[in-house]
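J.: Below you'll find the structure I mean.
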Amino acid sequence: MTVKFCSIASGSSGNCVYVGDDKSGLLIDAGVSCKNILENLKNIGVCNSSIKAILLTHEHSDHMKSIGAMSRKLNIPIYANPSTWESIEGSIGKVKSENIRVFQTGKDFFIEDICISPFSIPHDAADPVGFTFNFGTKKIGLATDLGYFSDNVKDALKGSEVVMLEANHDIEMLKMGSYPYFLKRRILGEHGHLSNEASGHAVCELVNLGVQQILLGHLSKENNFPELAYETVKGIMEEKGIMVKKDVTLDVAPRNSISKVFSL
Ligand SMILES: [Zn+2]
Ligand SMILES: [Zn+2]
């Protein structure tokens with residue numbers, strides 16, 4: 001059995017991630033159009049009927065814009081925690097009552113054979129989460145939209161083979177850039193977004209815990225670019241004696257197109 005994992009879109013203009021095995025697949029967030037998501041799934045050989053659910057990390061529009069439409073199109077359930085459901089109520093159109101599913105942050109649950117663990121992340125939303133997915137012995141982790149790399153996040157991601165982690169901004173670009181002061185403070189705060197530098201240090205901790213494949217994501221359009229995120233994280237890893245390509249793979253998820261597809 002092969003497990004596939006990839007980002008379909010990543011960043012403040014829209015997020016969507018796919019994870020699945022030969023039988024069943026999941027979408028995490030749907031912040032870009034259904035058409036975009038379905039085309040990309042087709043391109044990687046995933047048929048619509050294998051998609052069993054959409055999981056929502058939090059209620060920000062770059063994550064939930066199309067979840068209602070996607071649920072209606074494929075007739076699949078949406079899973080979110082109670083506070084997130086409360087926050088999106090009235091803004092995703094009509095969703096069949098059987099497609100409204102609730103999980104509790106910190107409590108594992110199953111969809112088909114996939115064990116899903118939602119864990120709390122520090123971000124300015126009602127009850128934002130990251131996820132890990134266990135397919136038997138294969139574990140994959142996802143954490144974007146986090147103000148800092150907390151012990152809780154680190155513990156949750158431990159043991160993953162692949163981790164998608166945020167590398168949102170370059171601190172200098174953000175400080176010098178055109179964003180208003182309140183927004184700069186929000187992004188730099190403990191409930192904002194992870195900088196390239198913070199991401200680099202977090203990646204080193206993950207690699208020391210055995211993670212071997214890293215996908216950086218949720219890059220800011222204004223305050224980052226892929227080469228800078230990659231080189232900053234790689235530089236911090238090398239300072240700590242971790243060699244990219246030899247010890248670990250490092251990739252960046254593109255904003256508007258599909259990332260590398262990980263096969264485990
Ligand atoms: Zn967010
Ligand atoms: Zn976001």
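In the structure tokens, chains take the letters A, B, ... in the order shown, each chain's residues start at 1, and ligands count up from 1 in the order shown.
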Identify all residues of stretch 2-244 of chain A in helix (DSSP H, G or I) (DSSP on the backbone) and supply them as a ChimeraX atom specification.

T.: /A:34-43,48-50,61-64,67-74,82-88,97-99,151-157,171-176,181-188,196-208,226-239

J.: Which polymer residues have any atom within 7 Å of an atom of stretch 125-141 of chain A, counting only C-alpha atoms, with same-chain residues fewer than 3 positions away left out, as a list in words?

T.: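 Near neighbours after the sequence-gap exclusion: Thr57, His58, Glu59, Ser83, Thr84, Asp113, Ile114, Cys115, Ile116, Ser117, Pro118, Phe119, Ser120, Ile121, Leu157, Gly159, Ser160, Glu161, Val162, Val163 and Met164 of chain A.
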
J.: Run DSSP on the backbone and grab whatever in stretch 30-231 of chain A lands in strand (DSSP E); send it over as a PyMOL selection string.

T.: chain A and resi 51-55+78-80+100-102+109-111+114-120+129-135+138-143+162-166+213-217

J.: Enumerate as a tab-separated table (two decimals) with N, CA and C atoms, in the first residue's frame the residues within 8 Å of ligand 2, counting only C-alpha atoms and all ligand atoms.

T.:
chain	number	residue	atom	x	y	z
A	11	GLY	N	-0.45	28.96	1.10
A	11	GLY	CA	-0.15	30.38	1.31
A	11	GLY	C	-1.42	31.15	1.59
A	12	SER	N	-1.24	32.46	1.77
A	12	SER	CA	-2.38	33.27	2.20
A	12	SER	C	-3.44	33.40	1.11
A	14	GLY	N	-4.64	30.76	-0.43
A	14	GLY	CA	-5.45	29.55	-0.41
A	14	GLY	C	-4.65	28.30	-0.10
A	15	ASN	N	-5.24	27.45	0.72
A	15	ASN	CA	-4.55	26.24	1.16
A	15	ASN	C	-5.38	25.00	0.91
A	60	HIS	N	-10.01	30.62	9.11
A	60	HIS	CA	-9.55	31.72	8.24
A	60	HIS	C	-9.87	31.39	6.78
A	61	SER	N	-10.21	32.45	6.03
A	61	SER	CA	-10.78	32.21	4.70
A	61	SER	C	-9.82	31.51	3.75
A	62	ASP	N	-8.52	31.69	3.94
A	62	ASP	CA	-7.57	31.00	3.04
A	62	ASP	C	-7.58	29.48	3.26
A	63	HIS	N	-8.35	29.02	4.25
A	63	HIS	CA	-8.45	27.58	4.51
A	63	HIS	C	-9.84	27.01	4.25
A	144	THR	N	0.73	24.26	9.84
A	144	THR	CA	0.97	25.60	9.27
A	144	THR	C	0.14	26.57	10.11
A	145	ASP	N	0.37	27.85	9.95
A	145	ASP	CA	-0.36	28.85	10.74
A	145	ASP	C	-0.07	28.68	12.23
A	218	HIS	N	2.94	27.53	3.32
A	218	HIS	CA	2.26	28.75	3.76
A	218	HIS	C	3.19	29.96	3.72

J.: Smallest atom-to-atom distance to A:His193: which of A:Gln213, A:Thr232, A:Asn168, A:Asn40, using only C-alpha atoms?

T.: A:Asn168

J.: Which polymer residues have any atom within 10 Å of an atom of stretch 245-255 of chain A, counting only C-alpha atoms, with same-chain residues fewer than 4 positions away left out, as an MDAnalysis selection string?

T.: chainID A and resid 6:15 162 164:167 203 207 210:221 225:227 229:230 233:234 237 241 259:260

J.: With only C-alpha atoms as the atoms that count, which of A:Asn81, A:Ser150, A:Asn256, A:Asn196 lies nearest to A:Phe109?

T.: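 The answer is A:Asn81, which sits nearest to A:Phe109.
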
J.: Hey, which of A:Ile111, A:Met173, A:Cys34, A:Ile76 ends up closest to A:Asn99? Count only C-alpha atoms.

T.: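 So, comparing all the options, the nearest one is A:Ile76.
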
J.: When you count only C-alpha atoms and all ligand atoms, which of these residues is closest to ligand 1: A:Gly147, A:Gly68, A:Pro77, A:Gly235?

T.: A:Gly147

J.: I need the residue nearest A:Leu55 from this list: A:Ser71, A:Ser91, A:Asn223, A:Asn208. Use only C-alpha atoms for the distance.

T.: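 Looking only at the distances to A:Leu55, the closest residue turns out to be A:Ser71.
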
J.: Between atom CA of A:Pro122 and atom CA of A:Met176, what is the distance in Å, rounded to a tenth?

T.: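 A separation of 24.8 Å between them.
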
J.: With only C-alpha atoms as the basis for distance, which of A:Asp124, A:Asp29, A:Glu238, A:Glu112 is at the shortest distance from A:Ile187?

T.: A:Asp124

J.: Using only C-alpha atoms, which protein or nucleic acid residues come within 6 Å of A:Ala30? Drop anything in the same chain fewer than 6 positions from it, and give the result as a list in words.

T.: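 After dropping sequence-adjacent residues, the list is Cys16, His63, Met64, Ser66 and Ile67 of chain A.
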
J.: Take the residues from that selection and put them in a file with N, CA, C and O atoms, as a compact mmCIF listing (two decimals), in the first residue's frame.

T.:
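See out_6.txt below for the written result:
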# COMPACT_ATOMS: atom_id res chain seq x y z
N CYS A 16 -4.71 23.92 0.52
CA CYS A 16 -5.35 22.62 0.41
C CYS A 16 -4.27 21.56 0.35
O CYS A 16 -3.26 21.73 -0.34
N HIS A 63 -8.35 29.02 4.25
CA HIS A 63 -8.45 27.58 4.51
C HIS A 63 -9.84 27.01 4.25
O HIS A 63 -9.99 25.82 4.03
N MET A 64 -10.85 27.90 4.30
CA MET A 64 -12.21 27.34 4.26
C MET A 64 -13.10 27.83 3.12
O MET A 64 -14.23 27.38 3.00
N SER A 66 -13.71 27.17 0.09
CA SER A 66 -14.49 26.23 -0.76
C SER A 66 -14.96 24.98 -0.04
O SER A 66 -15.39 24.03 -0.70
N ILE A 67 -14.87 24.94 1.27
CA ILE A 67 -15.22 23.66 1.92
C ILE A 67 -16.69 23.29 1.72
O ILE A 67 -17.00 22.13 1.50

J.: At what distance in Å, to one decimal, does atom CA of A:Ser24 lie from atom CA of A:Met1?

T.: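 These two atoms are separated by 11.2 Å.
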
J.: If you count only C-alpha atoms, which residues fall within 7 Å of A:Ser195, apart from same-chain ones fewer than 3 positions away, as a list of chain:residue names?

T.: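 Surrounding residues, per the criterion: A:Ala167, A:Asn168, A:His169, A:Asp170, A:Ile171, A:Ala198, A:Ser199.
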
J.: For N, CA and C atoms, I'd like the residues from the last selection saved as a tab-separated table (two decimals), in the first residue's frame.

T.:
chain	number	residue	atom	x	y	z
A	167	ALA	N	6.75	28.07	6.78
A	167	ALA	CA	7.90	29.01	6.74
A	167	ALA	C	7.30	30.26	6.12
A	168	ASN	N	6.65	31.08	6.94
A	168	ASN	CA	5.76	32.12	6.43
A	168	ASN	C	6.46	33.35	5.88
A	169	HIS	N	7.44	33.86	6.65
A	169	HIS	CA	7.99	35.15	6.25
A	169	HIS	C	9.45	35.29	6.63
A	170	ASP	N	10.09	36.22	5.95
A	170	ASP	CA	11.41	36.66	6.34
A	170	ASP	C	11.20	37.86	7.27
A	171	ILE	N	11.76	37.80	8.45
A	171	ILE	CA	11.46	38.84	9.46
A	171	ILE	C	11.82	40.24	8.94
A	198	ALA	N	12.53	30.78	12.44
A	198	ALA	CA	11.91	29.91	13.46
A	198	ALA	C	11.62	28.53	12.86
A	199	SER	N	11.23	28.52	11.60
A	199	SER	CA	10.95	27.27	10.92
A	199	SER	C	12.23	26.43	10.82

J.: In Å to one decimal, how far is atom CA of A:Lys52 from atom CA of A:Phe103?

T.: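 Distance between the two atoms: 15.4 Å.
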